[in-house]
>>> print(open('protein_10.txt').read())   # compact mmCIF, C-alpha atoms
# COMPACT_ATOMS: atom_id res chain seq x y z
CA MET I 278 0.00 0.00 0.00
CA HIS I 279 1.26 3.43 -0.87
CA CYS I 280 -0.85 6.16 0.63
CA ARG I 281 0.66 9.39 1.83
CA ALA I 282 -0.29 13.04 1.69
CA SER I 283 1.96 15.72 0.26
CA ARG I 284 3.24 18.57 2.39
CA ASN I 285 1.43 20.91 0.01
CA ASP I 286 -1.87 19.09 0.28
CA HIS I 287 -4.56 21.73 -0.07
CA THR I 288 -6.64 20.39 2.80
CA TRP I 289 -4.04 20.70 5.53
CA SER I 290 -2.47 23.83 4.08
CA GLY I 291 -5.95 25.33 3.94
CA THR I 292 -6.49 24.49 7.61
CA ARG I 293 -3.18 26.00 8.61
CA GLY I 294 -3.78 28.99 6.36
CA ALA I 295 -7.18 29.59 7.91
CA PHE I 296 -5.66 29.60 11.38
CA ALA I 297 -2.80 31.91 10.37
CA THR I 298 -5.13 34.39 8.67
CA ARG I 299 -7.62 34.50 11.53
CA CYS I 300 -4.88 34.65 14.15
CA LYS I 301 -3.16 37.57 12.44
CA SER I 302 -6.40 39.48 12.08
CA ALA I 303 -7.32 38.84 15.69
CA SER I 304 -3.88 39.88 16.92
CA LEU I 305 -3.97 43.16 15.04
CA ALA I 306 -7.46 43.85 16.32
CA SER I 307 -6.40 43.06 19.88
CA ILE I 308 -3.35 45.32 19.70
CA LEU I 309 -5.27 48.21 18.14
CA GLN I 310 -7.93 47.87 20.80
CA ALA I 311 -5.32 47.90 23.57
CA VAL I 312 -2.86 50.59 22.44
CA GLY I 313 -4.59 52.46 19.63
CA PRO I 314 -3.47 52.89 16.01
CA VAL I 315 0.24 53.38 16.92
CA TYR I 316 2.01 50.00 17.21
CA PRO I 317 4.76 50.28 19.84
CA ALA I 318 8.02 48.44 19.12
CA SER I 319 8.10 47.09 22.67
CA ILE I 320 5.11 44.80 22.06
CA GLY I 321 5.98 41.46 20.45
CA TYR I 322 3.79 39.25 18.33
CA GLY I 323 3.64 36.45 20.89
CA CYS I 324 3.12 38.59 23.98
CA ALA I 325 -0.64 38.03 23.98
CA PHE I 326 -0.99 34.90 21.86
CA MET I 327 -3.40 33.18 24.23
CA THR I 328 -5.60 36.28 24.07
CA PHE I 329 -6.10 36.45 20.31
CA GLY I 330 -5.02 32.94 19.19
CA TRP I 331 -7.46 30.71 21.02
CA ASP I 332 -10.58 31.34 18.97
CA PRO I 333 -8.83 31.10 15.53
CA TRP I 334 -7.18 27.86 16.67
CA GLU I 335 -10.46 26.32 17.77
CA GLU I 336 -12.12 27.37 14.52
CA ALA I 337 -9.35 26.26 12.13
CA PHE I 338 -8.78 22.89 13.82
CA SER I 339 -12.36 22.17 14.69
CA LEU I 340 -13.71 18.63 14.49
CA GLY I 341 -15.55 19.42 11.26
CA ASN I 342 -12.45 20.76 9.49
CA CYS I 343 -10.31 17.83 10.66
CA VAL I 344 -12.89 15.23 9.58
CA LYS I 345 -13.19 16.95 6.19
CA ALA I 346 -9.40 16.92 5.72
CA TRP I 347 -9.13 13.26 6.76
CA SER I 348 -11.86 12.36 4.30
CA GLU I 349 -10.22 14.21 1.41
CA ILE I 350 -6.86 12.43 1.90
CA GLY I 351 -8.52 9.03 2.42
CA VAL I 352 -7.57 8.48 6.06
CA SER I 353 -11.00 8.42 7.67
CA PRO I 354 -12.79 6.62 6.16
CA PHE I 355 -9.76 4.70 4.92
CA THR I 356 -10.30 4.87 1.14
CA GLN I 357 -6.65 5.33 0.03
CA LYS I 358 -7.82 8.32 -1.99
CA VAL I 359 -4.30 9.67 -2.49
CA TYR I 360 -3.16 6.36 -3.96
CA TRP I 361 -6.05 6.18 -6.39
CA ASP I 362 -5.52 9.81 -7.42
CA LEU I 363 -1.87 9.13 -8.20
CA LEU I 364 -2.82 5.96 -10.08
CA GLU I 365 -5.33 7.91 -12.16
CA LYS I 366 -2.69 10.53 -13.03
CA LYS I 367 -0.33 7.76 -14.09
CA LYS I 368 -2.98 6.23 -16.34
CA LYS I 369 -3.65 9.63 -17.93
CA LYS I 370 0.06 10.04 -18.70
CA GLU I 371 0.19 6.56 -20.22
CA ALA I 372 -2.86 7.32 -22.34
CA ILE I 373 -1.30 10.54 -23.65
CA ALA I 374 1.98 8.76 -24.42
CA SER I 375 0.15 5.90 -26.16
CA LYS I 376 -1.82 8.36 -28.28
CA ALA I 377 1.44 10.05 -29.34
CA ASN I 378 3.07 6.65 -30.11
CA ILE I 379 5.58 7.07 -27.25
CA ASN I 380 6.64 4.28 -24.94
CA PRO I 381 5.49 5.37 -21.44
CA GLU I 382 8.62 3.80 -19.93
CA ASN I 383 10.77 6.29 -21.84
CA LEU I 384 9.16 9.13 -19.88
CA THR I 385 10.61 7.86 -16.60
CA ILE I 386 14.09 8.55 -15.26
CA GLU I 387 15.17 4.97 -15.96
CA GLY I 388 13.91 5.19 -19.52
CA MET I 389 15.72 8.47 -20.22
CA VAL I 390 18.97 7.06 -18.80
CA LYS I 391 18.62 4.01 -21.03
CA ILE I 392 18.08 6.17 -24.14
CA MET I 393 20.80 8.75 -23.42
CA PHE I 394 23.58 6.48 -22.16
CA ASN I 395 22.54 3.05 -23.51
CA ILE I 396 22.54 1.65 -19.97
CA ASP I 397 19.89 -0.61 -18.57
CA PRO I 398 19.24 0.49 -14.95
CA ALA I 399 18.13 -3.06 -14.11
CA GLU I 400 21.64 -4.32 -14.89
CA VAL I 401 23.35 -1.83 -12.58
CA PRO I 402 24.48 -3.64 -9.39
CA GLU I 403 22.66 -2.66 -6.26
CA GLN I 404 24.52 -0.10 -4.18
CA PRO I 405 25.49 -1.04 -0.63
CA THR I 406 23.29 0.58 1.94
CA VAL I 407 23.82 1.95 5.43
CA GLY I 408 20.73 2.07 7.56
CA GLY I 409 18.52 1.47 4.49
CA ARG I 410 20.02 4.38 2.52
CA SER I 411 22.41 4.13 -0.42
CA ARG I 412 25.93 5.37 0.10
CA LYS I 413 26.21 8.51 -2.01
CA ARG I 414 29.96 8.27 -2.13
CA ASP I 415 29.64 4.92 -3.94
CA ARG I 416 27.69 6.53 -6.76
CA ASP I 417 29.59 8.59 -9.31
CA THR I 418 27.33 11.56 -9.82
CA LEU I 419 27.73 14.52 -12.14
CA HIS I 420 27.00 18.00 -10.84
CA SER I 421 26.69 21.33 -12.62
CA CYS I 422 30.02 22.41 -11.13
CA ASP I 423 31.67 19.64 -13.16
CA LEU I 424 30.49 21.22 -16.42
CA TRP I 425 31.07 24.93 -15.81
CA ASP I 426 34.04 25.11 -18.22
CA LEU I 427 32.07 23.73 -21.19
CA PRO I 428 30.61 26.57 -23.26
CA GLY I 429 27.08 25.94 -24.45
CA GLY I 430 26.49 22.95 -22.22
CA ALA I 431 27.70 19.37 -22.49
CA THR I 432 26.78 16.47 -24.76
CA GLY I 433 26.05 12.98 -23.52
CA GLU I 434 29.52 11.77 -24.57
CA GLU I 435 31.20 14.59 -22.64
CA CYS I 436 29.13 13.80 -19.55
CA MET I 437 30.02 10.10 -19.79
CA GLU I 438 33.71 10.97 -20.20
CA ARG I 439 33.68 13.12 -17.09
CA VAL I 440 31.85 10.43 -15.15
CA ARG I 441 34.47 7.92 -16.33
CA ARG I 442 37.30 10.18 -15.12
CA LYS I 443 35.60 10.65 -11.76
CA THR I 444 35.14 6.89 -11.49
CA GLU I 445 38.78 6.19 -12.28
CA ALA I 446 39.95 8.85 -9.79
CA ARG I 447 37.74 7.35 -7.09
CA GLN I 448 38.96 3.83 -7.84
CA GLN I 449 42.60 4.97 -7.70
CA LYS I 450 41.97 6.70 -4.39
CA GLU I 451 40.27 3.61 -2.97
CA ALA I 452 43.10 1.37 -4.24
CA ALA I 453 45.71 3.63 -2.61
CA ALA I 454 43.76 3.63 0.67
CA ALA I 455 43.43 -0.18 0.56
CA SER I 456 47.15 -0.58 -0.15
CA LYS I 457 48.04 1.76 2.71
CA LYS I 458 45.71 -0.14 5.04
CA ALA I 459 47.25 -3.48 4.01
CA ASN I 460 50.79 -2.17 4.55
CA THR I 461 49.84 -0.84 7.98
CA ALA I 462 48.31 -4.18 8.96
CA GLN I 463 51.41 -6.00 7.68
CA ARG I 464 53.74 -3.75 9.69
CA ARG I 465 51.64 -4.25 12.82
CA GLN I 466 51.65 -8.00 12.33
CA ALA I 467 55.44 -8.04 11.87
CA ALA I 468 55.93 -5.86 14.96
CA SER I 469 53.63 -8.10 17.00
CA SER I 470 55.46 -11.23 15.84
CA ALA I 471 58.85 -9.70 16.70
CA ALA I 472 57.55 -8.63 20.13
CA ASN I 473 56.27 -12.15 20.84
CA GLU I 474 59.63 -13.66 19.89
CA GLN I 475 61.48 -11.18 22.09
CA GLY I 476 59.03 -11.84 24.93
CA SER I 477 59.64 -15.56 24.63
CA ARG I 478 63.42 -15.06 24.98
CA VAL I 479 62.96 -12.71 27.96
CA VAL I 480 60.62 -15.08 29.83
CA SER I 481 62.89 -18.07 29.23
CA ALA I 482 65.87 -16.13 30.64
CA LEU I 483 64.12 -15.15 33.89
CA VAL I 484 64.83 -17.48 36.83
CA HIS I 485 64.46 -15.11 39.80
CA THR I 486 61.71 -12.63 40.63
CA VAL I 487 64.20 -9.80 41.24
CA GLN I 488 65.48 -10.14 37.68
CA VAL I 489 62.16 -8.77 36.42
CA SER I 490 63.06 -5.35 37.82
CA TYR I 491 66.25 -5.37 35.71
CA LEU I 492 64.31 -5.47 32.45
CA THR I 493 63.85 -2.45 30.25
CA ARG I 494 60.34 -1.21 29.54
CA ALA I 495 60.48 -2.63 26.00
CA ASN I 496 61.39 -6.10 27.31
CA LEU I 497 58.71 -5.85 30.01
CA GLU I 498 56.03 -5.05 27.42
CA ALA I 499 57.31 -7.84 25.12
CA ALA I 500 57.13 -10.36 27.99
CA LEU I 501 53.63 -9.23 28.95
CA GLN I 502 52.47 -9.54 25.35
CA PHE I 503 54.00 -13.01 25.07
CA LYS I 504 52.14 -14.10 28.21
CA GLY I 505 48.89 -12.59 26.90
CA ILE I 506 48.60 -10.05 29.73
CA LYS I 507 46.95 -6.69 29.05
CA TRP I 508 48.48 -3.58 30.57
CA ASP I 509 47.88 0.13 30.63
CA LYS I 510 50.06 1.91 28.07
CA LYS I 511 50.38 4.87 30.44
CA ALA I 512 51.39 2.74 33.44
CA LEU I 513 54.81 3.35 34.98
CA LYS I 514 57.55 0.73 34.95
CA PRO I 515 57.08 -0.40 38.60
CA ALA I 516 53.46 -1.30 37.80
CA LEU I 517 54.60 -3.39 34.83
CA VAL I 518 57.26 -5.12 36.95
CA LYS I 519 54.68 -6.03 39.58
CA LEU I 520 52.28 -7.28 36.90
CA LEU I 521 54.89 -9.57 35.31
CA GLN I 522 56.16 -10.83 38.67
CA ASP I 523 52.66 -11.86 39.69
CA ALA I 524 52.11 -13.60 36.36
CA LEU I 525 55.40 -15.57 36.37
CA ALA I 526 55.52 -16.41 40.10
CA LEU I 527 59.32 -16.90 40.03
CA PRO I 528 61.25 -17.94 43.15
CA SER I 529 62.33 -15.06 45.38
CA ASP I 530 64.92 -16.80 47.61
CA GLY I 531 68.49 -17.81 46.93
CA PRO I 532 71.18 -15.98 44.99
CA ILE I 533 70.24 -13.74 42.07
CA PRO I 534 71.98 -14.91 38.93
CA VAL I 535 73.11 -12.58 36.18
CA LEU I 536 70.35 -11.94 33.68
CA VAL I 537 71.41 -12.88 30.17
CA ILE I 538 68.81 -12.49 27.41
CA PRO I 539 69.81 -14.37 24.25
CA ASP I 540 70.10 -12.38 21.06
CA PRO I 541 67.63 -12.99 18.27
CA PRO I 542 68.78 -15.49 15.66
CA ALA I 543 70.57 -14.04 12.67
CA PRO I 544 68.54 -13.95 9.44
CA ALA I 545 69.24 -16.78 7.04
CA LEU I 546 71.56 -15.89 4.16
CA ALA I 547 70.27 -16.23 0.65
CA PRO I 548 71.82 -19.13 -1.29
CA ALA I 549 74.62 -18.13 -3.65
CA PRO I 550 73.86 -18.33 -7.35
CA ARG I 551 75.09 -21.44 -9.14
CA GLY I 552 78.37 -21.20 -10.94
CA HIS I 553 80.05 -18.99 -8.29
CA ALA I 554 82.57 -20.17 -5.74
>>> encode(input="protein_10.txt", output="structure tokens")
Amino acid sequence: MHCRASRNDHTWSGTRGAFATRCKSASLASILQAVGPVYPASIGYGCAFMTFGWDPWEEAFSLGNCVKAWSEIGVSPFTQKVYWDLLEKKKKKEAIASKANINPENLTIEGMVKIMFNIDPAEVPEQPTVGGRSRKRDRDTLHSCDLWDLPGGATGEECMERVRRKTEARQQKEAAAASKKANTAQRRQAASSAANEQGSRVVSALVHTVQVSYLTRANLEAALQFKGIKWDKKALKPALVKLLQDALALPSDGPIPVLVIPDPPAPALAPAPRGHA
């Protein structure tokens, strides 16, 4: 069902217009009666609204006027009058087009697009939506500001060429953004992998709880990441030491050995080309 009233519907605009006209007349009469023919600037329009606005409001939005408006837009009784009026207008347009040997579909936006650009709107892929609305940035539109430098207007070929250039520019921008995003994710993954490896070496080298306090902040964070412990980035080093000590539960008695963290393994050398010593 498709039944809705336009904002410019004559019934409701007539009701509002009747109220506005009567209210204005009543306000002027009330002011003239109170202060005489000279209208002082200190008196505002809404200062005595309840005095001169009540009767026009009751008259404009009376039960009879409301019932009449509801009947004319097909709400009460529910006759869908607006829908049938629109359907009748559509049939009249089709009859006129048929009499002039014109395909009625060519009078629609889709039909004109198909004729001008040789594009079938039904074959255009559906645009992704957000909250039920199409993303405007995903549609390559052409505005008047894109054609200001063309004297005498633009032909269909010129419009299509400009749309093509806008499409290519958008695609290049999206490709650059996707490449940048992929590089950022790759760098983060490499940094996380290196931190986990360093954390593994740090944890394996710790044998006494006091040794944890000897670690640098970078090694502390690497060890916490390796153990899967979350920490506050703004926390001071003593808080990180306490957090790692509680997680590892290392022995606290006996002598404290020297902390030696093994170096990361050297990268593998590429094999020499054949034919060289």
>>> atom_distance(input="protein_10.txt", atom1="CA of Gly476 in chain I", atom2="CA of Glu498 in chain I")
7.8 Å
>>> closest_residue(input="protein_10.txt", among="I:Leu517, I:Ala499, I:Leu536, I:Ile392", to="Ala468 in chain I", atoms="only C-alpha atoms")
I:Ala499
>>> closest_residue(input="protein_10.txt", among="I:Glu451, I:Asp540, I:Asp362, I:Glu335", to="Glu474 in chain I", atoms="only C-alpha atoms")
I:Asp540
>>> atom_distance(input="protein_10.txt", atom1="CA of Lys450 in chain I", atom2="CA of Gly433 in chain I")
25.7 Å
>>> atom_distance(input="protein_10.txt", atom1="CA of Leu527 in chain I", atom2="CA of Asp509 in chain I")
22.6 Å
>>> residues_around(input="protein_10.txt", residues="Pro381 in chain I", least_positions_apart="2", cutoff="10 Å", atoms="only C-alpha atoms", output="mmCIF file with C-alpha atoms, keeping the file's coordinate frame")
data_model
loop_
_atom_site.group_PDB
_atom_site.id
_atom_site.type_symbol
_atom_site.label_atom_id
_atom_site.label_comp_id
_atom_site.auth_asym_id
_atom_site.auth_seq_id
_atom_site.Cartn_x
_atom_site.Cartn_y
_atom_site.Cartn_z
ATOM 1 C CA LYS I 367 -0.330 7.760 -14.090
ATOM 2 C CA LYS I 368 -2.980 6.230 -16.340
ATOM 3 C CA LYS I 370 0.060 10.040 -18.700
ATOM 4 C CA GLU I 371 0.190 6.560 -20.220
ATOM 5 C CA ALA I 372 -2.860 7.320 -22.340
ATOM 6 C CA ILE I 373 -1.300 10.540 -23.650
ATOM 7 C CA ALA I 374 1.980 8.760 -24.420
ATOM 8 C CA SER I 375 0.150 5.900 -26.160
ATOM 9 C CA ASN I 378 3.070 6.650 -30.110
ATOM 10 C CA ILE I 379 5.580 7.070 -27.250
ATOM 11 C CA ASN I 383 10.770 6.290 -21.840
ATOM 12 C CA LEU I 384 9.160 9.130 -19.880
ATOM 13 C CA THR I 385 10.610 7.860 -16.600
ATOM 14 C CA GLY I 388 13.910 5.190 -19.520
#
>>> closest_residue(input="protein_10.txt", among="I:Leu483, I:Ala462, I:Ala512, I:Ala453", to="Val535 in chain I", atoms="all atoms listed in the file")
I:Leu483
>>> residues_around(input="protein_10.txt", residues="Val479 in chain I", least_positions_apart="4", cutoff="7 Å", atoms="all atoms listed in the file", output="ChimeraX atom specification")
/I:475,483,496,500,538
>>> write_last_selection(input="protein_10.txt", atoms="C-alpha atoms", output="mmCIF file, in the frame of the given file")
data_model
loop_
_atom_site.group_PDB
_atom_site.id
_atom_site.type_symbol
_atom_site.label_atom_id
_atom_site.label_comp_id
_atom_site.auth_asym_id
_atom_site.auth_seq_id
_atom_site.Cartn_x
_atom_site.Cartn_y
_atom_site.Cartn_z
ATOM 1 C CA GLN I 475 61.480 -11.180 22.090
ATOM 2 C CA LEU I 483 64.120 -15.150 33.890
ATOM 3 C CA ASN I 496 61.390 -6.100 27.310
ATOM 4 C CA ALA I 500 57.130 -10.360 27.990
ATOM 5 C CA ILE I 538 68.810 -12.490 27.410
#
>>> closest_residue(input="protein_10.txt", among="I:Ile506, I:Arg442, I:Trp361, I:Pro528", to="Glu349 in chain I", atoms="only C-alpha atoms")
I:Trp361
>>> closest_residue(input="protein_10.txt", among="I:Ser469, I:Met393, I:Lys458, I:Leu521", to="Glu435 in chain I", atoms="all atoms listed in the file")
I:Met393
